[in-house]
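Structure data follow from run-v9.cif (mmCIF, N, CA and C atoms):
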```
data_protein
loop_
_atom_site.label_atom_id
_atom_site.label_comp_id
_atom_site.auth_asym_id
_atom_site.auth_seq_id
_atom_site.Cartn_x
_atom_site.Cartn_y
_atom_site.Cartn_z
N MET A 210 -129.54 162.62 -86.98
CA MET A 210 -128.99 163.64 -86.12
C MET A 210 -127.47 163.53 -86.03
N PHE A 211 -126.94 162.33 -85.89
CA PHE A 211 -125.50 162.17 -85.74
C PHE A 211 -124.82 162.02 -87.10
N ASP A 212 -123.66 162.62 -87.23
CA ASP A 212 -122.81 162.39 -88.38
C ASP A 212 -121.93 161.17 -88.11
N HIS A 213 -121.37 161.11 -86.90
CA HIS A 213 -120.59 159.95 -86.49
C HIS A 213 -120.52 159.90 -84.98
N LEU A 214 -120.11 158.74 -84.47
CA LEU A 214 -120.00 158.50 -83.05
C LEU A 214 -118.67 157.82 -82.81
N GLY A 215 -117.97 158.24 -81.78
CA GLY A 215 -116.69 157.62 -81.46
C GLY A 215 -116.59 157.32 -79.98
N PHE A 216 -115.92 156.21 -79.66
CA PHE A 216 -115.69 155.89 -78.25
C PHE A 216 -114.47 155.00 -78.13
N GLY A 217 -113.88 155.04 -76.95
CA GLY A 217 -112.70 154.25 -76.66
C GLY A 217 -113.04 152.81 -76.35
N VAL A 218 -112.13 151.92 -76.73
CA VAL A 218 -112.28 150.49 -76.46
C VAL A 218 -110.99 150.00 -75.80
N SER A 219 -111.10 148.90 -75.07
CA SER A 219 -109.94 148.40 -74.33
C SER A 219 -108.91 147.72 -75.23
N ASN A 220 -109.36 147.15 -76.36
CA ASN A 220 -108.46 146.47 -77.30
C ASN A 220 -108.96 146.77 -78.71
N LEU A 221 -108.27 147.66 -79.40
CA LEU A 221 -108.73 148.12 -80.72
C LEU A 221 -108.83 146.96 -81.71
N GLY A 222 -107.85 146.09 -81.75
CA GLY A 222 -107.88 144.98 -82.70
C GLY A 222 -109.06 144.06 -82.46
N GLU A 223 -109.32 143.74 -81.20
CA GLU A 223 -110.45 142.86 -80.86
C GLU A 223 -111.78 143.52 -81.20
N SER A 224 -111.92 144.79 -80.85
CA SER A 224 -113.18 145.49 -81.13
C SER A 224 -113.39 145.70 -82.62
N LYS A 225 -112.33 146.03 -83.35
CA LYS A 225 -112.44 146.19 -84.80
C LYS A 225 -112.93 144.89 -85.43
N ALA A 226 -112.32 143.76 -85.04
CA ALA A 226 -112.72 142.47 -85.59
C ALA A 226 -114.16 142.14 -85.24
N PHE A 227 -114.56 142.41 -83.99
CA PHE A 227 -115.93 142.12 -83.56
C PHE A 227 -116.94 142.95 -84.37
N PHE A 228 -116.76 144.27 -84.44
CA PHE A 228 -117.73 145.12 -85.12
C PHE A 228 -117.75 144.83 -86.63
N LEU A 229 -116.60 144.57 -87.24
CA LEU A 229 -116.61 144.26 -88.67
C LEU A 229 -117.40 142.99 -88.95
N LYS A 230 -117.21 141.96 -88.14
CA LYS A 230 -117.93 140.71 -88.37
C LYS A 230 -119.41 140.87 -88.04
N ALA A 231 -119.71 141.51 -86.91
CA ALA A 231 -121.10 141.66 -86.48
C ALA A 231 -121.90 142.54 -87.44
N LEU A 232 -121.28 143.58 -87.97
CA LEU A 232 -122.00 144.55 -88.80
C LEU A 232 -121.85 144.29 -90.30
N GLN A 233 -121.12 143.27 -90.68
CA GLN A 233 -120.96 142.94 -92.10
C GLN A 233 -122.30 142.71 -92.77
N PRO A 234 -123.28 142.03 -92.12
CA PRO A 234 -124.58 141.86 -92.78
C PRO A 234 -125.31 143.17 -93.07
N LEU A 235 -124.89 144.25 -92.39
CA LEU A 235 -125.51 145.57 -92.62
C LEU A 235 -124.71 146.41 -93.61
N GLY A 236 -123.68 145.82 -94.21
CA GLY A 236 -122.90 146.52 -95.22
C GLY A 236 -121.82 147.43 -94.65
N VAL A 237 -121.41 147.20 -93.41
CA VAL A 237 -120.41 148.04 -92.75
C VAL A 237 -119.01 147.48 -93.02
N THR A 238 -118.08 148.38 -93.41
CA THR A 238 -116.69 148.02 -93.66
C THR A 238 -115.79 149.09 -93.05
N VAL A 239 -114.48 148.90 -93.16
CA VAL A 239 -113.53 149.93 -92.73
C VAL A 239 -113.58 151.06 -93.75
N ALA A 240 -113.88 152.26 -93.28
CA ALA A 240 -113.93 153.43 -94.16
C ALA A 240 -112.63 154.23 -94.07
N MET A 241 -112.04 154.30 -92.88
CA MET A 241 -110.77 155.01 -92.67
C MET A 241 -110.05 154.34 -91.51
N GLU A 242 -108.72 154.42 -91.55
CA GLU A 242 -107.94 153.83 -90.47
C GLU A 242 -106.61 154.55 -90.39
N GLY A 243 -106.13 154.76 -89.18
CA GLY A 243 -104.84 155.41 -88.98
C GLY A 243 -104.44 155.32 -87.53
N PRO A 244 -103.42 156.08 -87.14
CA PRO A 244 -102.93 156.02 -85.76
C PRO A 244 -103.96 156.53 -84.74
N TYR A 245 -104.98 157.23 -85.21
CA TYR A 245 -106.03 157.78 -84.36
C TYR A 245 -107.15 156.78 -84.10
N GLY A 246 -107.17 155.67 -84.83
CA GLY A 246 -108.21 154.67 -84.65
C GLY A 246 -108.74 154.18 -85.98
N VAL A 247 -109.94 153.60 -85.93
CA VAL A 247 -110.55 153.05 -87.12
C VAL A 247 -111.98 153.58 -87.25
N GLY A 248 -112.34 153.99 -88.46
CA GLY A 248 -113.68 154.48 -88.75
C GLY A 248 -114.43 153.45 -89.58
N LEU A 249 -115.54 152.96 -89.06
CA LEU A 249 -116.36 151.97 -89.76
C LEU A 249 -117.61 152.64 -90.29
N GLY A 250 -118.09 152.16 -91.44
CA GLY A 250 -119.31 152.74 -91.99
C GLY A 250 -119.72 152.06 -93.28
N GLN A 251 -120.69 152.68 -93.92
CA GLN A 251 -121.20 152.19 -95.20
C GLN A 251 -120.77 153.14 -96.30
N ASN A 252 -120.53 152.59 -97.48
CA ASN A 252 -120.21 153.39 -98.67
C ASN A 252 -119.03 154.33 -98.46
N GLY A 253 -118.02 153.88 -97.71
CA GLY A 253 -116.80 154.67 -97.51
C GLY A 253 -116.91 155.82 -96.54
N LYS A 254 -118.05 155.98 -95.86
CA LYS A 254 -118.22 157.07 -94.90
C LYS A 254 -118.11 156.54 -93.47
N PRO A 255 -117.10 157.00 -92.71
CA PRO A 255 -116.97 156.54 -91.33
C PRO A 255 -118.08 157.11 -90.44
N SER A 256 -118.83 156.22 -89.81
CA SER A 256 -119.91 156.64 -88.91
C SER A 256 -119.64 156.22 -87.47
N LEU A 257 -118.85 155.14 -87.29
CA LEU A 257 -118.52 154.64 -85.96
C LEU A 257 -117.01 154.63 -85.83
N TRP A 258 -116.50 155.46 -84.93
CA TRP A 258 -115.06 155.55 -84.70
C TRP A 258 -114.69 154.80 -83.43
N LEU A 259 -113.68 153.96 -83.53
CA LEU A 259 -113.15 153.23 -82.38
C LEU A 259 -111.69 153.62 -82.19
N TYR A 260 -111.30 153.85 -80.95
CA TYR A 260 -109.90 154.12 -80.63
C TYR A 260 -109.58 153.44 -79.31
N GLU A 261 -108.32 153.06 -79.16
CA GLU A 261 -107.92 152.35 -77.95
C GLU A 261 -107.75 153.34 -76.80
N SER A 262 -108.24 152.93 -75.64
CA SER A 262 -108.19 153.80 -74.46
C SER A 262 -108.15 152.94 -73.20
N THR A 263 -107.50 153.46 -72.18
CA THR A 263 -107.50 152.78 -70.89
C THR A 263 -108.65 153.27 -70.02
N GLU A 264 -109.32 154.32 -70.43
CA GLU A 264 -110.48 154.82 -69.69
C GLU A 264 -111.63 153.84 -69.83
N ARG A 265 -112.43 153.70 -68.79
CA ARG A 265 -113.55 152.76 -68.79
C ARG A 265 -114.86 153.55 -68.75
N PRO A 266 -115.43 153.86 -69.91
CA PRO A 266 -116.70 154.59 -69.90
C PRO A 266 -117.85 153.67 -69.48
N ALA A 267 -118.95 154.28 -69.10
CA ALA A 267 -120.16 153.51 -68.82
C ALA A 267 -120.54 152.74 -70.08
N HIS A 268 -121.21 151.62 -69.90
CA HIS A 268 -121.63 150.82 -71.05
C HIS A 268 -122.61 151.60 -71.92
N LEU A 269 -122.44 151.44 -73.22
CA LEU A 269 -123.28 152.11 -74.20
C LEU A 269 -124.32 151.15 -74.75
N HIS A 270 -125.39 151.71 -75.29
CA HIS A 270 -126.35 150.95 -76.09
C HIS A 270 -126.26 151.53 -77.49
N LEU A 271 -125.80 150.73 -78.44
CA LEU A 271 -125.66 151.15 -79.82
C LEU A 271 -126.63 150.35 -80.67
N ALA A 272 -127.57 151.03 -81.31
CA ALA A 272 -128.56 150.37 -82.17
C ALA A 272 -128.27 150.75 -83.62
N PHE A 273 -128.09 149.73 -84.46
CA PHE A 273 -127.79 149.93 -85.87
C PHE A 273 -129.03 149.59 -86.70
N ALA A 274 -129.32 150.46 -87.67
CA ALA A 274 -130.49 150.27 -88.53
C ALA A 274 -130.27 149.13 -89.51
N ALA A 275 -131.25 148.25 -89.58
CA ALA A 275 -131.25 147.17 -90.56
C ALA A 275 -132.40 147.41 -91.53
N ALA A 276 -132.16 147.14 -92.80
CA ALA A 276 -133.20 147.36 -93.81
C ALA A 276 -134.27 146.28 -93.78
N THR A 277 -133.89 145.08 -93.30
CA THR A 277 -134.83 143.96 -93.29
C THR A 277 -134.68 143.16 -92.00
N ARG A 278 -135.68 142.36 -91.72
CA ARG A 278 -135.59 141.46 -90.56
C ARG A 278 -134.52 140.40 -90.79
N GLN A 279 -134.30 140.02 -92.03
CA GLN A 279 -133.26 139.05 -92.34
C GLN A 279 -131.88 139.61 -91.98
N GLN A 280 -131.68 140.91 -92.17
CA GLN A 280 -130.41 141.52 -91.78
C GLN A 280 -130.24 141.48 -90.26
N VAL A 281 -131.32 141.66 -89.51
CA VAL A 281 -131.25 141.57 -88.05
C VAL A 281 -130.83 140.15 -87.66
N ASP A 282 -131.44 139.15 -88.28
CA ASP A 282 -131.08 137.75 -88.00
C ASP A 282 -129.60 137.50 -88.32
N ALA A 283 -129.15 137.98 -89.48
CA ALA A 283 -127.76 137.78 -89.90
C ALA A 283 -126.80 138.51 -88.97
N PHE A 284 -127.16 139.72 -88.55
CA PHE A 284 -126.34 140.46 -87.57
C PHE A 284 -126.16 139.64 -86.31
N TYR A 285 -127.26 139.10 -85.78
CA TYR A 285 -127.21 138.36 -84.52
C TYR A 285 -126.28 137.15 -84.65
N GLN A 286 -126.44 136.38 -85.72
CA GLN A 286 -125.59 135.20 -85.93
C GLN A 286 -124.12 135.61 -86.08
N ALA A 287 -123.86 136.66 -86.84
CA ALA A 287 -122.48 137.12 -87.04
C ALA A 287 -121.88 137.65 -85.74
N ALA A 288 -122.66 138.39 -84.97
CA ALA A 288 -122.16 138.95 -83.71
C ALA A 288 -121.85 137.85 -82.70
N ILE A 289 -122.69 136.84 -82.62
CA ILE A 289 -122.43 135.70 -81.72
C ILE A 289 -121.18 134.96 -82.18
N ALA A 290 -121.05 134.74 -83.49
CA ALA A 290 -119.87 134.06 -84.04
C ALA A 290 -118.60 134.87 -83.79
N ALA A 291 -118.74 136.19 -83.69
CA ALA A 291 -117.59 137.07 -83.46
C ALA A 291 -117.23 137.17 -81.97
N GLY A 292 -117.97 136.47 -81.12
CA GLY A 292 -117.66 136.47 -79.70
C GLY A 292 -118.62 137.24 -78.84
N GLY A 293 -119.66 137.81 -79.44
CA GLY A 293 -120.67 138.53 -78.66
C GLY A 293 -121.47 137.58 -77.79
N LYS A 294 -122.01 138.11 -76.71
CA LYS A 294 -122.85 137.31 -75.81
C LYS A 294 -124.31 137.69 -76.02
N ASP A 295 -125.16 136.69 -76.07
CA ASP A 295 -126.59 136.92 -76.28
C ASP A 295 -127.15 137.88 -75.23
N ASN A 296 -127.91 138.85 -75.70
CA ASN A 296 -128.62 139.76 -74.80
C ASN A 296 -130.05 139.94 -75.28
N GLY A 297 -130.52 139.03 -76.13
CA GLY A 297 -131.87 139.08 -76.67
C GLY A 297 -131.87 138.66 -78.12
N PRO A 298 -132.32 137.44 -78.44
CA PRO A 298 -132.29 136.95 -79.81
C PRO A 298 -133.24 137.73 -80.72
N PRO A 299 -133.10 137.55 -82.03
CA PRO A 299 -133.97 138.27 -82.97
C PRO A 299 -135.44 137.99 -82.68
N GLY A 300 -136.23 139.04 -82.73
CA GLY A 300 -137.66 138.89 -82.54
C GLY A 300 -138.35 140.23 -82.40
N LEU A 301 -139.66 140.16 -82.41
CA LEU A 301 -140.48 141.36 -82.23
C LEU A 301 -140.37 141.84 -80.80
N ARG A 302 -140.37 143.13 -80.63
CA ARG A 302 -140.40 143.78 -79.31
C ARG A 302 -141.61 144.71 -79.30
N PRO A 303 -142.84 144.15 -79.21
CA PRO A 303 -144.05 144.96 -79.33
C PRO A 303 -144.21 145.99 -78.23
N HIS A 304 -143.47 145.87 -77.14
CA HIS A 304 -143.54 146.90 -76.10
C HIS A 304 -142.90 148.20 -76.57
N TYR A 305 -142.09 148.16 -77.65
CA TYR A 305 -141.57 149.39 -78.27
C TYR A 305 -142.55 149.89 -79.32
N HIS A 306 -142.89 149.04 -80.28
CA HIS A 306 -143.98 149.27 -81.23
C HIS A 306 -144.22 147.98 -82.00
N ALA A 307 -145.32 147.89 -82.70
CA ALA A 307 -145.78 146.63 -83.31
C ALA A 307 -144.78 146.00 -84.27
N ASN A 308 -143.99 146.80 -84.98
CA ASN A 308 -143.06 146.26 -85.97
C ASN A 308 -141.60 146.34 -85.56
N TYR A 309 -141.33 146.55 -84.27
CA TYR A 309 -139.95 146.66 -83.79
C TYR A 309 -139.35 145.26 -83.73
N TYR A 310 -138.45 144.96 -84.69
CA TYR A 310 -137.81 143.65 -84.78
C TYR A 310 -136.32 143.86 -84.51
N GLY A 311 -135.84 143.38 -83.38
CA GLY A 311 -134.46 143.63 -83.01
C GLY A 311 -133.77 142.41 -82.44
N ALA A 312 -132.45 142.53 -82.34
CA ALA A 312 -131.61 141.52 -81.70
C ALA A 312 -130.50 142.25 -80.95
N PHE A 313 -130.09 141.69 -79.83
CA PHE A 313 -129.14 142.35 -78.93
C PHE A 313 -128.00 141.39 -78.55
N VAL A 314 -126.78 141.91 -78.54
CA VAL A 314 -125.62 141.17 -78.06
C VAL A 314 -124.76 142.10 -77.20
N ILE A 315 -124.00 141.50 -76.32
CA ILE A 315 -123.03 142.26 -75.53
C ILE A 315 -121.68 142.10 -76.22
N GLY A 316 -121.04 143.23 -76.55
CA GLY A 316 -119.76 143.23 -77.25
C GLY A 316 -118.57 143.11 -76.32
N PRO A 317 -117.35 143.21 -76.87
CA PRO A 317 -116.13 142.95 -76.11
C PRO A 317 -115.95 143.81 -74.85
N ASP A 318 -116.44 145.04 -74.86
CA ASP A 318 -116.28 145.92 -73.71
C ASP A 318 -117.55 146.03 -72.87
N GLY A 319 -118.50 145.14 -73.10
CA GLY A 319 -119.73 145.15 -72.31
C GLY A 319 -120.84 146.02 -72.84
N HIS A 320 -120.64 146.61 -74.02
CA HIS A 320 -121.67 147.45 -74.61
C HIS A 320 -122.80 146.60 -75.19
N ASN A 321 -124.02 147.12 -75.10
CA ASN A 321 -125.20 146.46 -75.65
C ASN A 321 -125.34 146.88 -77.12
N ILE A 322 -125.09 145.93 -78.02
CA ILE A 322 -125.10 146.22 -79.45
C ILE A 322 -126.36 145.61 -80.06
N GLU A 323 -127.08 146.40 -80.83
CA GLU A 323 -128.38 145.99 -81.37
C GLU A 323 -128.45 146.26 -82.86
N ALA A 324 -129.18 145.41 -83.56
CA ALA A 324 -129.63 145.71 -84.93
C ALA A 324 -131.15 145.70 -84.88
N VAL A 325 -131.76 146.68 -85.54
CA VAL A 325 -133.22 146.80 -85.48
C VAL A 325 -133.79 147.17 -86.85
N CYS A 326 -134.92 146.55 -87.16
CA CYS A 326 -135.70 146.87 -88.35
C CYS A 326 -137.09 147.30 -87.86
N HIS A 327 -137.57 148.42 -88.38
CA HIS A 327 -138.86 148.97 -87.96
C HIS A 327 -139.98 148.67 -88.95
N LYS A 328 -139.67 147.89 -89.98
CA LYS A 328 -140.65 147.61 -91.03
C LYS A 328 -141.47 146.36 -90.71
N PRO A 329 -142.70 146.29 -91.21
CA PRO A 329 -143.47 145.06 -91.02
C PRO A 329 -142.86 143.90 -91.80
N ALA A 330 -143.23 142.70 -91.43
CA ALA A 330 -142.73 141.51 -92.13
C ALA A 330 -143.09 141.59 -93.61
N ALA A 331 -142.18 141.09 -94.43
CA ALA A 331 -142.39 141.15 -95.90
C ALA A 331 -143.54 140.26 -96.32
#
```

Let me see whether you can do it: turn the structure in this file into structure tokens.
Amino acid sequence: MFDHLGFGVSNLGESKAFFLKALQPLGVTVAMEGPYGVGLGQNGKPSLWLYESTERPAHLHLAFAAATRQQVDAFYQAAIAAGGKDNGPPGLRPHYHANYYGAFVIGPDGHNIEAVCHKPAA
């Protein structure tokens, strides 16, 4: 449904570093960058736009698709190493559905960042 999503962050450099490290296991890199902010995505297409702002929006829940459960595990480790705070380690969440395998961290601005794989175990 979405082509891209953008939101303001309190410190662009800190948030850029956090999201690049946390989402690297999912193949996310800088797709575009300029005075307007930074666009992160896969294969050169910006899907997540970050820009610096003094406005304080309500906390977001951002869930990123992972192709495998191993990518979810790698996301969690990378996000914690990047300064994220644990909000739910990798594991099944059967209350969503039988194969919902996700991990959750709180990012620099308090947003709930998730990687999720919907496939059964290999």

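The space between atom CA of Tyr310 of chain A and atom CA of Asn252 of chain A spans 24.4 Å.
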
Translate the PyMOL selection byres ((chain A and resi 263-274) around 7) into a concrete residue list for this structure, as a compact mmCIF listing (two decimals) with N, CA and C atoms, in the frame of the given file.
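expr.txt was written with the following content:
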```txt
# COMPACT_ATOMS: atom_id res chain seq x y z
N GLY A 217 -113.88 155.04 -76.95
CA GLY A 217 -112.70 154.25 -76.66
C GLY A 217 -113.04 152.81 -76.35
N VAL A 218 -112.13 151.92 -76.73
CA VAL A 218 -112.28 150.49 -76.46
C VAL A 218 -110.99 150.00 -75.80
N SER A 219 -111.10 148.90 -75.07
CA SER A 219 -109.94 148.40 -74.33
C SER A 219 -108.91 147.72 -75.23
N LEU A 235 -124.89 144.25 -92.39
CA LEU A 235 -125.51 145.57 -92.62
C LEU A 235 -124.71 146.41 -93.61
N GLU A 261 -108.32 153.06 -79.16
CA GLU A 261 -107.92 152.35 -77.95
C GLU A 261 -107.75 153.34 -76.80
N SER A 262 -108.24 152.93 -75.64
CA SER A 262 -108.19 153.80 -74.46
C SER A 262 -108.15 152.94 -73.20
N ALA A 275 -131.25 148.25 -89.58
CA ALA A 275 -131.25 147.17 -90.56
C ALA A 275 -132.40 147.41 -91.53
N ALA A 276 -132.16 147.14 -92.80
CA ALA A 276 -133.20 147.36 -93.81
C ALA A 276 -134.27 146.28 -93.78
N THR A 277 -133.89 145.08 -93.30
CA THR A 277 -134.83 143.96 -93.29
C THR A 277 -134.68 143.16 -92.00
N ASP A 318 -116.44 145.04 -74.86
CA ASP A 318 -116.28 145.92 -73.71
C ASP A 318 -117.55 146.03 -72.87
N GLY A 319 -118.50 145.14 -73.10
CA GLY A 319 -119.73 145.15 -72.31
C GLY A 319 -120.84 146.02 -72.84
N HIS A 320 -120.64 146.61 -74.02
CA HIS A 320 -121.67 147.45 -74.61
C HIS A 320 -122.80 146.60 -75.19
N ASN A 321 -124.02 147.12 -75.10
CA ASN A 321 -125.20 146.46 -75.65
C ASN A 321 -125.34 146.88 -77.12
N ILE A 322 -125.09 145.93 -78.02
CA ILE A 322 -125.10 146.22 -79.45
C ILE A 322 -126.36 145.61 -80.06
N GLU A 323 -127.08 146.40 -80.83
CA GLU A 323 -128.38 145.99 -81.37
C GLU A 323 -128.45 146.26 -82.86
N ALA A 324 -129.18 145.41 -83.56
CA ALA A 324 -129.63 145.71 -84.93
C ALA A 324 -131.15 145.70 -84.88
N VAL A 325 -131.76 146.68 -85.54
CA VAL A 325 -133.22 146.80 -85.48
C VAL A 325 -133.79 147.17 -86.85
N CYS A 326 -134.92 146.55 -87.16
CA CYS A 326 -135.70 146.87 -88.35
C CYS A 326 -137.09 147.30 -87.86
```

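Against the coordinates shown, the PyMOL selection byres (((chain A and resi 298 and name CA) around 6) and name CA) returns A:Gly297, A:Pro299, A:Ala312.
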
Can you write out the residues you just picked, keeping N, CA and C atoms, as a short mmCIF file (atom, residue, chain, number, x, y, z; two decimals), in the coordinates of the input?
```cif
data_model
loop_
_atom_site.label_atom_id
_atom_site.label_comp_id
_atom_site.auth_asym_id
_atom_site.auth_seq_id
_atom_site.Cartn_x
_atom_site.Cartn_y
_atom_site.Cartn_z
N GLY A 297 -130.52 139.03 -76.13
CA GLY A 297 -131.87 139.08 -76.67
C GLY A 297 -131.87 138.66 -78.12
N PRO A 299 -133.10 137.55 -82.03
CA PRO A 299 -133.97 138.27 -82.97
C PRO A 299 -135.44 137.99 -82.68
N ALA A 312 -132.45 142.53 -82.34
CA ALA A 312 -131.61 141.52 -81.70
C ALA A 312 -130.50 142.25 -80.95
#
```

Please identify all polymer residues lying at most 12 Å from the point (-116.9, 133.5, -82.7) (file coordinates), using only C-alpha atoms, and present the result as a count of residues only. 18

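Note that atom C of Leu214 of chain A and atom CA of Lys254 of chain A are 12.1 Å apart.
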
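When the PyMOL selection byres ((chain A and resi 331) around 8) is run on the displayed coordinates, the residues it returns are Thr277, Arg278, Lys328, Pro329 and Ala330 of chain A.
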
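As for atom CA of Ser224 of chain A and atom CA of Gly300 of chain A, they are spaced 25.4 Å apart.
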
Distance query segment 240-249 of chain A at most 5 Å, all atoms listed in the file, self and fewer than 6 positions along chain excluded, as a count of residues only: 6
